[in-house]
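Next comes run32.tsv, a file with TSV, C-alpha atoms.
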```
chain	number	residue	atom	x	y	z
A	1	MET	CA	68.65	33.29	-89.86
A	2	PRO	CA	66.16	36.12	-89.14
A	3	THR	CA	67.26	38.96	-86.82
A	4	TYR	CA	65.64	39.02	-83.39
A	5	SER	CA	63.37	42.05	-82.93
A	6	ASN	CA	63.24	43.62	-79.47
A	7	LYS	CA	60.41	45.85	-80.73
A	8	GLN	CA	58.25	42.83	-81.45
A	9	ALA	CA	59.20	41.37	-78.08
A	10	MET	CA	58.21	44.60	-76.37
A	11	ARG	CA	54.83	44.71	-78.13
A	12	ALA	CA	54.16	41.12	-77.14
A	13	MET	CA	55.13	41.78	-73.52
A	14	VAL	CA	53.04	44.97	-73.35
A	15	LYS	CA	50.02	43.02	-74.64
A	16	ALA	CA	50.61	40.20	-72.15
A	17	SER	CA	51.04	42.66	-69.27
A	18	LEU	CA	47.85	44.50	-70.17
A	19	GLN	CA	45.93	41.22	-70.29
A	20	ALA	CA	47.33	40.27	-66.89
A	21	ILE	CA	46.37	43.66	-65.43
A	22	LEU	CA	42.83	43.48	-66.79
A	23	LYS	CA	42.41	40.02	-65.30
A	24	SER	CA	43.54	41.24	-61.87
A	25	PRO	CA	40.60	42.22	-59.60
A	26	SER	CA	42.89	44.22	-57.29
A	27	ALA	CA	44.15	46.32	-60.22
A	28	ILE	CA	40.60	47.23	-61.23
A	29	VAL	CA	39.57	47.97	-57.64
A	30	PHE	CA	42.53	50.17	-56.68
A	31	SER	CA	42.89	51.94	-60.02
A	32	ILE	CA	39.28	52.63	-61.04
A	33	ALA	CA	36.56	51.24	-58.76
A	34	PHE	CA	37.92	52.47	-55.42
A	35	PRO	CA	38.52	56.09	-56.55
A	36	LEU	CA	35.18	56.14	-58.40
A	37	ILE	CA	33.32	55.11	-55.24
A	38	PHE	CA	34.72	58.11	-53.37
A	39	ILE	CA	34.06	60.42	-56.31
A	40	LEU	CA	30.45	59.25	-56.56
A	41	VAL	CA	29.90	59.56	-52.80
A	42	PHE	CA	31.35	63.07	-52.54
A	43	GLY	CA	29.80	64.06	-55.85
A	44	PHE	CA	26.32	63.15	-54.65
A	45	LEU	CA	26.97	64.74	-51.25
A	46	GLY	CA	27.99	67.92	-53.00
A	47	GLY	CA	24.94	67.68	-55.24
A	48	GLY	CA	26.89	69.48	-57.94
A	49	LYS	CA	26.74	72.65	-55.86
A	50	GLY	CA	29.56	74.80	-54.61
A	51	PHE	CA	30.97	74.95	-51.14
A	52	SER	CA	29.12	77.22	-48.74
A	53	VAL	CA	31.06	79.49	-46.44
A	54	LYS	CA	29.39	80.33	-43.13
A	55	VAL	CA	30.02	83.89	-41.98
A	56	SER	CA	28.66	86.39	-39.51
A	57	ALA	CA	28.56	90.17	-39.52
A	58	LYS	CA	30.81	91.44	-36.76
A	59	PRO	CA	28.89	93.49	-34.16
A	60	GLY	CA	29.14	97.14	-35.05
A	61	SER	CA	29.47	96.45	-38.77
A	62	ASP	CA	27.59	98.76	-41.13
A	63	THR	CA	24.69	96.55	-42.25
A	64	SER	CA	22.86	99.36	-44.05
A	65	SER	CA	25.44	99.80	-46.80
A	66	GLU	CA	25.05	98.75	-50.44
A	67	LEU	CA	28.15	96.57	-50.11
A	68	TYR	CA	26.63	94.60	-47.23
A	69	ALA	CA	23.39	94.18	-49.20
A	70	ALA	CA	25.35	92.82	-52.17
A	71	LEU	CA	27.23	90.35	-49.98
A	72	ARG	CA	23.97	89.12	-48.46
A	73	ASN	CA	22.84	88.10	-51.96
A	74	VAL	CA	25.88	85.92	-52.71
A	75	PRO	CA	24.60	82.29	-52.68
A	76	VAL	CA	27.86	80.78	-51.46
A	77	LEU	CA	27.88	82.96	-48.33
A	78	LYS	CA	25.66	81.54	-45.59
A	79	TRP	CA	25.03	84.26	-43.03
A	80	VAL	CA	24.65	83.08	-39.46
A	81	GLN	CA	23.00	85.47	-37.03
A	82	GLN	CA	24.56	85.72	-33.56
A	83	LYS	CA	23.01	87.42	-30.56
A	84	ASP	CA	26.12	89.27	-29.36
A	85	ALA	CA	29.90	89.66	-29.73
A	86	ALA	CA	30.63	86.79	-27.34
A	87	ALA	CA	28.48	84.41	-29.38
A	88	VAL	CA	30.30	85.48	-32.56
A	89	GLU	CA	33.70	84.80	-31.01
A	90	GLN	CA	32.55	81.43	-29.69
A	91	ALA	CA	31.19	80.41	-33.09
A	92	LEU	CA	34.46	81.46	-34.69
A	93	SER	CA	36.64	79.58	-32.22
A	94	GLU	CA	34.51	76.43	-32.44
A	95	GLY	CA	34.52	76.41	-36.25
A	96	ASP	CA	30.78	77.01	-36.61
A	97	ILE	CA	31.57	79.90	-38.92
A	98	ALA	CA	34.56	80.42	-41.19
A	99	GLY	CA	34.95	84.09	-40.33
A	100	THR	CA	33.39	87.45	-39.59
A	101	ILE	CA	32.95	90.36	-41.95
A	102	GLU	CA	33.18	93.89	-40.64
A	103	ILE	CA	32.23	96.79	-42.89
A	104	LYS	CA	33.17	100.28	-41.72
A	105	LYS	CA	31.73	103.28	-43.49
A	106	GLN	CA	34.18	106.14	-43.80
A	107	ALA	CA	33.28	109.75	-43.11
A	108	ASP	CA	31.57	111.71	-45.88
A	109	GLY	CA	34.03	112.83	-48.51
A	110	VAL	CA	36.61	110.20	-47.50
A	111	TYR	CA	37.52	107.57	-50.07
A	112	PRO	CA	37.42	104.61	-50.27
A	113	ARG	CA	33.90	104.81	-48.85
A	114	TYR	CA	34.15	101.48	-46.97
A	115	LYS	CA	36.83	99.56	-45.16
A	116	VAL	CA	36.30	95.78	-45.00
A	117	ILE	CA	37.98	93.76	-42.25
A	118	LEU	CA	37.95	89.96	-42.31
A	119	ASN	CA	38.51	87.89	-39.21
A	120	VAL	CA	39.02	84.28	-40.34
A	121	ALA	CA	39.23	81.16	-38.20
A	122	SER	CA	42.72	79.63	-38.50
A	123	THR	CA	41.18	76.16	-38.62
A	124	GLN	CA	39.33	77.10	-41.82
A	125	ALA	CA	42.13	78.83	-43.68
A	126	ASP	CA	41.09	77.24	-46.97
A	127	LYS	CA	37.62	78.79	-46.73
A	128	GLY	CA	39.18	82.04	-45.60
A	129	GLN	CA	41.00	82.25	-48.92
A	130	GLN	CA	37.72	81.68	-50.74
A	131	LEU	CA	36.00	84.27	-48.58
A	132	ARG	CA	38.50	86.98	-49.41
A	133	ALA	CA	38.27	86.19	-53.10
A	134	ILE	CA	34.45	86.15	-53.01
A	135	ILE	CA	34.25	89.58	-51.37
A	136	ASN	CA	36.72	90.98	-53.85
A	137	SER	CA	34.72	89.51	-56.73
A	138	VAL	CA	31.51	91.03	-55.39
A	139	VAL	CA	33.16	94.45	-55.25
A	140	GLN	CA	34.25	94.09	-58.87
A	141	ASN	CA	31.00	92.75	-60.28
A	142	GLN	CA	28.31	95.08	-59.01
A	143	ASP	CA	26.06	97.14	-61.23
A	144	PRO	CA	27.66	99.52	-63.78
A	145	GLU	CA	27.39	102.54	-61.50
A	146	ILE	CA	29.33	100.80	-58.74
A	147	GLN	CA	31.82	99.47	-61.31
A	148	LYS	CA	32.63	103.03	-62.38
A	149	ARG	CA	33.67	104.00	-58.88
A	150	ILE	CA	35.22	100.70	-57.84
A	151	ASP	CA	38.33	102.39	-56.52
A	152	GLN	CA	36.17	104.60	-54.31
A	153	LEU	CA	33.85	101.95	-52.94
A	154	ALA	CA	35.87	99.81	-50.54
A	155	ASP	CA	39.36	99.28	-49.23
A	156	ILE	CA	39.85	95.51	-49.09
A	157	ASP	CA	43.26	94.14	-48.30
A	158	ILE	CA	43.19	91.26	-50.79
A	159	HIS	CA	44.57	90.50	-54.22
A	160	ILE	CA	42.37	90.67	-57.29
A	161	ALA	CA	41.15	87.15	-58.18
A	162	ASN	CA	38.70	85.60	-60.59
A	163	VAL	CA	36.49	83.28	-58.56
A	164	ARG	CA	34.94	80.18	-60.05
A	165	ASP	CA	32.28	78.10	-58.40
A	166	PHE	CA	34.53	75.82	-56.37
A	167	LYS	CA	32.68	72.54	-55.87
A	168	MET	CA	33.47	69.64	-53.59
A	169	ILE	CA	34.25	67.47	-56.61
A	170	ASP	CA	36.93	69.98	-57.70
A	171	PHE	CA	38.90	69.12	-54.57
A	172	ILE	CA	38.06	65.43	-54.19
A	173	LEU	CA	38.59	64.16	-57.75
A	174	PRO	CA	42.28	65.16	-58.13
A	175	GLY	CA	43.02	63.61	-54.74
A	176	GLN	CA	41.35	60.33	-55.68
A	177	LEU	CA	43.06	60.35	-59.06
A	178	GLY	CA	46.41	60.82	-57.34
A	179	PHE	CA	45.68	58.00	-54.93
A	180	SER	CA	44.74	55.75	-57.84
A	181	LEU	CA	48.12	56.43	-59.45
A	182	LEU	CA	49.92	55.78	-56.16
A	183	ALA	CA	48.14	52.50	-55.42
A	184	SER	CA	48.57	51.18	-58.94
A	185	GLY	CA	52.19	52.24	-59.18
A	186	VAL	CA	53.27	50.76	-55.87
A	187	PHE	CA	51.07	47.68	-55.36
A	188	GLY	CA	50.78	46.74	-59.04
A	189	THR	CA	54.48	47.01	-59.86
A	190	ALA	CA	55.59	45.31	-56.66
A	191	PHE	CA	53.32	42.29	-57.10
A	192	VAL	CA	54.02	41.90	-60.81
A	193	PHE	CA	57.80	41.89	-60.62
A	194	PHE	CA	57.93	39.81	-57.45
A	195	ASN	CA	55.70	37.16	-59.07
A	196	LEU	CA	57.71	37.24	-62.30
A	197	ARG	CA	60.84	36.60	-60.30
A	198	GLN	CA	59.22	34.04	-57.99
A	199	THR	CA	57.74	32.01	-60.86
A	200	LEU	CA	61.07	32.11	-62.76
A	201	VAL	CA	59.47	33.96	-65.67
A	202	LEU	CA	62.24	36.54	-65.61
A	203	LYS	CA	64.80	33.74	-65.66
A	204	ARG	CA	63.15	32.35	-68.79
A	205	PHE	CA	63.24	35.81	-70.36
A	206	PHE	CA	66.99	35.84	-69.86
A	207	ALA	CA	67.25	32.74	-72.03
A	208	THR	CA	65.89	34.80	-74.92
A	209	PRO	CA	67.66	37.66	-76.73
A	210	VAL	CA	65.29	40.23	-75.17
A	211	ARG	CA	67.16	42.94	-73.29
A	212	ARG	CA	66.48	43.55	-69.58
A	213	GLU	CA	65.44	47.15	-70.07
A	214	ILE	CA	62.80	45.99	-72.57
A	215	ILE	CA	61.22	43.86	-69.82
A	216	VAL	CA	60.93	46.86	-67.47
A	217	LEU	CA	59.86	49.21	-70.26
A	218	SER	CA	57.14	46.82	-71.43
A	219	GLU	CA	55.63	46.57	-67.95
A	220	GLY	CA	55.86	50.34	-67.57
A	221	ILE	CA	54.08	50.99	-70.87
A	222	ALA	CA	51.35	48.46	-70.08
A	223	ARG	CA	50.70	49.95	-66.65
A	224	MET	CA	50.83	53.47	-68.08
A	225	LEU	CA	48.23	52.63	-70.75
A	226	PHE	CA	45.95	51.00	-68.18
A	227	GLN	CA	46.26	53.79	-65.63
A	228	ILE	CA	45.86	56.62	-68.14
A	229	THR	CA	42.72	54.89	-69.40
A	230	GLY	CA	41.49	54.78	-65.80
A	231	ALA	CA	42.31	58.48	-65.40
A	232	ILE	CA	40.30	59.28	-68.54
A	233	VAL	CA	37.31	57.39	-67.12
A	234	ILE	CA	37.57	59.11	-63.72
A	235	ILE	CA	37.92	62.62	-65.15
A	236	ALA	CA	35.13	62.05	-67.69
A	237	ILE	CA	32.68	60.81	-65.05
A	238	GLY	CA	33.60	63.67	-62.74
A	239	HIS	CA	33.19	66.27	-65.48
A	240	PHE	CA	29.98	65.07	-67.12
A	241	ALA	CA	28.20	63.68	-64.04
A	242	PHE	CA	29.30	66.17	-61.35
A	243	HIS	CA	30.56	69.15	-63.37
A	244	PHE	CA	34.21	68.76	-62.37
A	245	THR	CA	35.96	71.91	-63.55
A	246	LEU	CA	38.25	71.68	-66.59
A	247	ALA	CA	39.27	75.32	-66.86
A	248	HIS	CA	40.41	75.16	-70.49
A	249	GLY	CA	38.54	72.11	-71.67
A	250	MET	CA	40.53	69.53	-73.61
A	251	LEU	CA	43.83	71.36	-73.08
A	252	THR	CA	43.37	71.07	-69.32
A	253	PHE	CA	42.37	67.44	-69.75
A	254	PHE	CA	45.59	66.55	-71.62
A	255	GLU	CA	47.75	68.51	-69.19
A	256	MET	CA	46.22	66.54	-66.33
A	257	LEU	CA	47.07	63.29	-68.12
A	258	LEU	CA	50.70	64.41	-68.47
A	259	ILE	CA	50.89	65.04	-64.72
A	260	CYS	CA	49.32	61.62	-64.16
A	261	ALA	CA	51.99	60.00	-66.33
A	262	LEU	CA	54.79	61.76	-64.44
A	263	GLY	CA	53.31	60.82	-61.07
A	264	LEU	CA	52.85	57.20	-62.10
A	265	MET	CA	56.49	56.94	-63.19
A	266	VAL	CA	57.60	58.10	-59.75
A	267	PHE	CA	55.22	55.76	-57.92
A	268	MET	CA	56.30	52.79	-60.01
A	269	GLY	CA	59.81	53.37	-58.68
A	270	PHE	CA	58.48	52.73	-55.17
A	271	GLY	CA	56.95	49.52	-56.50
A	272	PHE	CA	60.33	48.38	-57.84
A	273	ILE	CA	61.87	49.03	-54.42
A	274	VAL	CA	59.18	47.00	-52.64
A	275	SER	CA	59.51	44.10	-55.09
A	276	GLY	CA	63.26	44.11	-54.52
A	277	ILE	CA	63.25	44.05	-50.73
A	278	ALA	CA	60.18	41.82	-50.21
A	279	LYS	CA	61.13	38.35	-48.96
A	280	SER	CA	57.74	36.81	-49.73
A	281	GLU	CA	54.45	37.79	-51.32
A	282	SER	CA	52.86	38.26	-47.90
A	283	THR	CA	55.35	41.02	-47.05
A	284	ILE	CA	54.42	43.14	-50.08
A	285	PRO	CA	51.13	44.59	-48.67
A	286	PRO	CA	52.63	45.87	-45.38
A	287	LEU	CA	55.68	47.30	-47.16
A	288	SER	CA	53.49	48.96	-49.76
A	289	ASN	CA	51.15	50.34	-47.11
A	290	ILE	CA	54.10	51.98	-45.36
A	291	ILE	CA	54.57	53.99	-48.56
A	292	THR	CA	50.95	54.56	-49.62
A	293	LEU	CA	49.00	55.00	-46.38
A	294	PRO	CA	50.85	58.08	-45.02
A	295	GLN	CA	50.53	59.75	-48.41
A	296	PHE	CA	46.86	58.83	-48.70
A	297	LEU	CA	46.18	60.46	-45.33
A	298	LEU	CA	48.60	63.40	-45.33
A	299	ALA	CA	48.97	64.51	-48.97
A	300	GLY	CA	45.74	66.52	-49.23
A	301	THR	CA	43.61	63.73	-50.65
A	302	PHE	CA	40.45	64.55	-48.69
A	303	PHE	CA	41.11	67.98	-47.16
A	304	PRO	CA	43.70	70.77	-47.42
A	305	ILE	CA	47.10	70.34	-45.83
A	306	ASP	CA	46.61	73.68	-44.06
A	307	ASN	CA	44.09	71.93	-41.80
A	308	PHE	CA	46.86	69.85	-40.22
A	309	PRO	CA	48.88	71.07	-37.24
A	310	LYS	CA	51.72	73.35	-38.26
A	311	TRP	CA	54.38	70.88	-37.10
A	312	LEU	CA	52.94	68.23	-39.42
A	313	GLN	CA	52.59	70.40	-42.53
A	314	PRO	CA	56.31	70.22	-43.56
A	315	ILE	CA	56.04	66.42	-43.56
A	316	CYS	CA	52.90	66.62	-45.69
A	317	ARG	CA	54.66	68.89	-48.16
A	318	ALA	CA	57.59	66.49	-48.47
A	319	LEU	CA	55.42	63.69	-49.90
A	320	PRO	CA	55.37	63.19	-53.69
A	321	LEU	CA	51.59	62.60	-53.80
A	322	THR	CA	51.14	66.13	-52.41
A	323	TYR	CA	52.68	67.58	-55.56
A	324	VAL	CA	50.66	65.36	-57.87
A	325	ASN	CA	47.44	66.46	-56.13
A	326	ASP	CA	48.54	70.09	-56.04
A	327	ALA	CA	49.47	70.18	-59.73
A	328	LEU	CA	46.23	68.46	-60.80
A	329	ARG	CA	44.10	70.93	-58.81
A	330	LYS	CA	45.97	73.98	-60.10
A	331	ILE	CA	45.67	72.83	-63.70
A	332	ALA	CA	42.03	71.74	-63.47
A	333	PHE	CA	40.48	74.55	-61.43
A	334	ASN	CA	42.87	77.50	-61.64
A	335	GLY	CA	43.55	76.91	-65.32
A	336	VAL	CA	47.33	77.23	-65.06
A	337	GLY	CA	49.62	75.61	-67.61
A	338	LEU	CA	52.40	73.09	-67.11
A	339	TRP	CA	54.95	75.90	-66.82
A	340	GLU	CA	53.10	77.34	-63.81
A	341	VAL	CA	53.34	73.99	-62.00
A	342	ARG	CA	57.01	73.52	-62.87
A	343	VAL	CA	57.98	73.53	-59.20
A	344	ASP	CA	55.62	70.61	-58.51
A	345	MET	CA	56.99	68.79	-61.55
A	346	LEU	CA	60.59	69.49	-60.57
A	347	ILE	CA	60.02	68.09	-57.07
A	348	LEU	CA	58.43	65.00	-58.60
A	349	LEU	CA	61.44	64.59	-60.90
A	350	VAL	CA	63.80	64.88	-57.92
A	351	TRP	CA	61.74	62.24	-56.11
A	352	GLY	CA	61.85	60.07	-59.23
A	353	ILE	CA	65.63	60.29	-59.54
A	354	GLY	CA	66.10	59.42	-55.88
A	355	VAL	CA	63.60	56.57	-55.96
A	356	TYR	CA	65.08	54.95	-59.07
A	357	ILE	CA	68.61	55.20	-57.68
A	358	VAL	CA	67.44	53.22	-54.66
A	359	ALA	CA	65.41	50.86	-56.86
A	360	GLY	CA	68.49	50.16	-58.97
A	361	LYS	CA	70.42	49.08	-55.87
A	362	VAL	CA	67.76	46.81	-54.33
A	363	PHE	CA	65.97	45.45	-57.40
A	364	LYS	CA	66.57	41.75	-58.05
A	365	TRP	CA	66.20	39.94	-61.33
A	366	GLU	CA	66.48	36.44	-59.87
```
Since I need it in another form, could you write the structure as structure tokens?
Amino acid sequence: MPTYSNKQAMRAMVKASLQAILKSPSAIVFSIAFPLIFILVFGFLGGGKGFSVKVSAKPGSDTSSELYAALRNVPVLKWVQQKDAAAVEQALSEGDIAGTIEIKKQADGVYPRYKVILNVASTQADKGQQLRAIINSVVQNQDPEIQKRIDQLADIDIHIANVRDFKMIDFILPGQLGFSLLASGVFGTAFVFFNLRQTLVLKRFFATPVRREIIVLSEGIARMLFQITGAIVIIAIGHFAFHFTLAHGMLTFFEMLLICALGLMVFMGFGFIVSGIAKSESTIPPLSNIITLPQFLLAGTFFPIDNFPKWLQPICRALPLTYVNDALRKIAFNGVGLWEVRVDMLILLVWGIGVYIVAGKVFKWE
């Protein structure tokens, strides 16, 4: 009598699961179409161009200096003229400008020659970070004569940073990719295993020699293959159509896929929990939305977490999707490696352990 092969069973179940996923309109919509719609919309809105930062010269600032002239020629800085100090303060408080730049020329013979003071609106802290980096970059990248006396030109209280052209797509795409993983992991897993149990398919599996862990592993592999394929499509369209930044090319691309795989594993755990506690198929969407909707809104999908009220930010930073989005953005734009995002990965692993402990207690086979 031939020996039963769990490997062959797993391959057959992976193939069947993939076919079922590809035939599911909701899987295609949530995993690929829905994120792509947002990416296309924001990509076209951005026009492939970088963010612009609106600033004003603070009254009394030295506008005759070579440093001010250099800053005026930076394309990303949009200078807004104000009639007086009161108008500047009003524009700053109302968010019409991201900040003010004040350049003070020191007395002859005193070095550094200029002191730069930034006054940034708290509601636009993300652009404030860009603004400081942009000014620092301008100081470093002037003509050779200025470069020779860089330490004598200006005293700017910021850290040295290499500034890339940060485009809208560089922020939006990782957020939409993270949401795609979340939706697929939670909704897809919950519906699949609930239906397998409801239609007695799992019960029929138990009549075969196939082991239980092979059933779960097969579904996980199938969903992983589908979702990673979707991630490849999303990243490729973002990169080639809207110049999404991949700091180190293919290396960055593969590192992003590894983060996607880790995030999906965590989110699938939520799906197992939902499938275990759902009493009927109609209860799966509201239960899944309780998990996905807060993360979609609060995890930095569309705008930085720093824009939220301070009392809400700790909640935002407790969500697993936050760390998927954060790791993807750091890897893609900042060019950091997996070791530099180890804290994000560790938090995701902690979430994964906790989620699967709960899933193991509530998951039902029959």
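Rounded to one decimal, CA of Ile214 in chain A and CA of Asn289 in chain A lie 28.3 Å from each other.
In this model, the gap between CA of Arg223 in chain A and CA of Met345 in chain A comes to 20.5 Å.
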Point-to-point distance in Å for CA of Ile290 in chain A and CA of Phe191 in chain A: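 Interatomic distance here is 15.2 Å.
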Minimum-distance residue to Ala69 in chain A, chosen among A:Ile277, A:Val233, A:Ile103, A:Met265 (using only C-alpha atoms): A:Ile103
Contacts of range 183-188 of chain A at 6 Å (all atoms listed in the file; same-chain gap of 6+ positions) as a ChimeraX atom specification: /A:31,264,267-268,270-271
